[in-house]
Every structure is written in structure tokens, then in C-alpha cells.
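Trainee: There's a structure below that I have some questions on.
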Amino acid sequence: MRGDSIVVEPHHRSAAEGILKLVGPSIRSSDSRYVITISGESGSGKSEMATALAELLEEEGLACAILQQDDYFVYPPRSNDRARRNDISWVGPQEVHLDLINRHLRAFLDGVDRVVKPLVIYDTDNIESETLDFGGARVAVAEGTYTSLLERINTRVFIDRNYLDTRKHRERRIRDQAELDPFIDDVLAIEHGIISQHKDRADIIIHSDYSVTAA
């Protein structure tokens, strides 16, 4: 998403090193492309973790493509916020074109070199499009709240931090003051009820202290 702020800190890189320690042997020994998802609640550090992991992979000569769930929302951010306020039952996986992410990941695994994907422009509340060039990428990382639900995934990573744990992070990366009003706490509580159940799908858990273990 254009307009997002991603700051990789030492604890993100440390956790990414833990992930790579667990999945690296499988990636290196495979002749096929490899897909990792990183899921968790809002503000848990999914984008930062994906970026840190991609940097580590590229340092090993393993090119990596990142797909951000934020680009696949049905509505751009402010429009989605209005839809939620009109009907809070809109909150959930139905907000996202998960089918399109699945299609793009299948294309990646099938050896396709590029796809045309949505691109959210935060400042103008629009959704445009861009070409994502997989090129020589060996790994694709799909990050987002509901990415545990995606198909044909080699490794699922879950960040086990809830919306109360992540409030300071959300305050630091705030994009709009409305994101911290009481209504958003209601949204995050609903998301928590949904996303916390996805922990059981994970192959790797990043704990609240950023330690990493196999599930």
C-alpha cells in the first residue's frame, strides 16, 4: 500500500532470523518456489516482519516478493472505515479479496513471472493497479490479518500479539486520528475474536516477546 510506514527494528530482524532458521533448509533444498504467510492482529508487526524476512533472504541470494493484504481490500481505507461504521458486521475476511491473493500466489507457484495486482493509495483513498514482477523470486511472502486462510501455503507464521499489546505500535504508525477512536477498539475486538482462532493453523509462532518457535 502506497503511503504506509514500515520501520524495521532490531526485534523484527531477530524474529525474522528465527523464522529463517526454521524454514531456510526447506527453501534452500527445494527446486520449487516457496510461499510463506505472516498473519496476526492489526499493528502486530506483519509488514515489518515480512520486510525483515525478505531482506534476510535476499542477503542469502534468495529473491523474495511481498504481497500485502492491504492492497487487496474491497474498499480503500477510508471507504472501508465508512462501510464498517455503517454496518460493523462488515468487519472480517469478507473485507478482503482473498480469492485474488490466492490466484496471484498460484500464479507465482506455477512459475508465472508477473501479475497485475491492486495498489491502494492511502492518501487519495483510491485503488489503482501495478505490475508485480516475480522475476527470479524464489520466495513469496503474503502478509496480512487473514493470510492464514490462504491456500497452497508452504509455511504459515502467526504473530501472537493481541490488539491491546499492539496499541503503542499502532499509535506510532498512525495514519489517521480516526484509527484510535473508540469505534476502532470495537473493530479490533471483533478482529481479535476471528484472528485468534487462526493460531491453530500456524507452523511457526512469533510470541509477544518476539521469540520464535515451531507450532
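Identifiers in the C-alpha cells: chain A, B, ... in order shown; residue index from 1 per chain; ligand index from 1 in order shown.
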Select from stretch 22-207 of chain A everything DSSP, run on the backbone, classes as helix (DSSP H, G or I), then give the selection as a ChimeraX atom specification.

Mentor: /A:22-29,46-59,69-72,77-86,88-90,93-95,98-109,147-149,167-172,177-180,182-201

Trainee: Would you kindly return, as a list in words, each protein, DNA or RNA residue with an atom no farther than 8 Å from any atom of A:Tyr210, considering only C-alpha atoms and excluding same-chain residues fewer than 3 positions away?

Mentor: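 The filter keeps His11, His12, Ser14, Ala15, Ile206 and His207 of chain A.
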
Trainee: Which of these, A:Ala202, A:Ala65, A:Val74, A:Leu56, has the shortest distance to A:Ile127 once you count only C-alpha atoms?

Mentor: A:Val74

Trainee: Mind giving me the straight-line distance from atom CA of A:Gly111 to atom CA of A:Ile36 in Å, one decimal?

Mentor: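 If I compute the distance from atom CA of A:Gly111 to atom CA of A:Ile36, I get 16.1 Å.
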
Trainee: With a cut-off of 12 Å, could you pull out the residues of stretch 41-159 of chain A touching stretch 182-195 of chain A and give me the nearest pair of atoms for each, distance in Å to one decimal, using only C-alpha atoms, ordered by chain and ascending number, as CSV?

Mentor:
```
residue,atom,partner,partner_atom,distance
A:Glu41,CA,A:Ile195,CA,6.6
A:Ser42,CA,A:Leu188,CA,7.4
A:Gly43,CA,A:Leu188,CA,10.1
A:Ser44,CA,A:His192,CA,11.6
A:Asn80,CA,A:Val187,CA,11.8
A:Asp81,CA,A:Ile184,CA,9.0
A:Arg82,CA,A:Phe183,CA,11.3
A:Ala83,CA,A:Val187,CA,11.9
A:Arg84,CA,A:Val187,CA,8.2
A:Arg85,CA,A:Phe183,CA,8.0
A:Asn86,CA,A:Phe183,CA,11.5
A:Asp87,CA,A:Val187,CA,11.0
A:Ile88,CA,A:Val187,CA,7.5
A:Ser89,CA,A:Ile190,CA,9.0
A:Trp90,CA,A:Val187,CA,9.8
A:Val91,CA,A:Val187,CA,6.9
A:Gly92,CA,A:Glu191,CA,6.6
A:Pro93,CA,A:Ile194,CA,8.8
A:Gln94,CA,A:Ile194,CA,11.9
A:Glu95,CA,A:Glu191,CA,11.5
A:Gly144,CA,A:Ile195,CA,10.6
A:Thr145,CA,A:Ile195,CA,7.1
A:Tyr146,CA,A:Ile195,CA,7.0
A:Thr147,CA,A:Ile195,CA,9.9
A:Ser148,CA,A:Ile195,CA,8.8
A:Leu149,CA,A:Ile195,CA,9.9
A:Phe158,CA,A:Ile195,CA,9.6
A:Ile159,CA,A:Ile195,CA,10.3
```

Trainee: How would you write, as a ChimeraX atom specification, the set of residues in stretch 15-119 of chain A that DSSP gives as strand (DSSP E or B)?

Mentor: /A:34-40,64-68,73,96,114-119

Trainee: Keeping C-alpha atoms for every residue in the selection just given, could you write it to a file as a PDB file, in the first residue's frame?

Mentor:
```pdb
ATOM      1  CA  TYR A  34       8.083 -21.265  -1.761  1.00  0.00           C
ATOM      2  CA  VAL A  35       5.218 -19.316  -0.125  1.00  0.00           C
ATOM      3  CA  ILE A  36       5.129 -18.013   3.440  1.00  0.00           C
ATOM      4  CA  THR A  37       2.243 -16.170   5.104  1.00  0.00           C
ATOM      5  CA  ILE A  38       2.621 -13.861   8.081  1.00  0.00           C
ATOM      6  CA  SER A  39      -0.657 -13.189   9.880  1.00  0.00           C
ATOM      7  CA  GLY A  40      -1.765 -11.599  13.135  1.00  0.00           C
ATOM      8  CA  CYS A  64      11.674 -12.503  -2.355  1.00  0.00           C
ATOM      9  CA  ALA A  65       8.365 -10.911  -3.396  1.00  0.00           C
ATOM     10  CA  ILE A  66       5.973  -9.450  -0.823  1.00  0.00           C
ATOM     11  CA  LEU A  67       2.192  -9.346  -1.247  1.00  0.00           C
ATOM     12  CA  GLN A  68       0.455  -7.025   1.208  1.00  0.00           C
ATOM     13  CA  PHE A  73      -9.195  -4.853   0.391  1.00  0.00           C
ATOM     14  CA  VAL A  96     -10.554  -8.692   1.507  1.00  0.00           C
ATOM     15  CA  ARG A 114       4.414 -11.213 -13.219  1.00  0.00           C
ATOM     16  CA  VAL A 115       0.852 -10.382 -12.199  1.00  0.00           C
ATOM     17  CA  VAL A 116      -1.205  -7.206 -12.275  1.00  0.00           C
ATOM     18  CA  LYS A 117      -2.351  -6.562  -8.730  1.00  0.00           C
ATOM     19  CA  PRO A 118      -4.297  -3.832  -6.916  1.00  0.00           C
ATOM     20  CA  LEU A 119      -2.377  -0.954  -5.337  1.00  0.00           C
TER      21      LEU A 119
END
```

Trainee: Taking into account only C-alpha atoms, which residue in the set A:Glu143, A:Asp200, A:Asp125, A:Glu130 is nearest to A:Met49?

Mentor: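 Closest to A:Met49, using only C-alpha atoms: A:Glu143.
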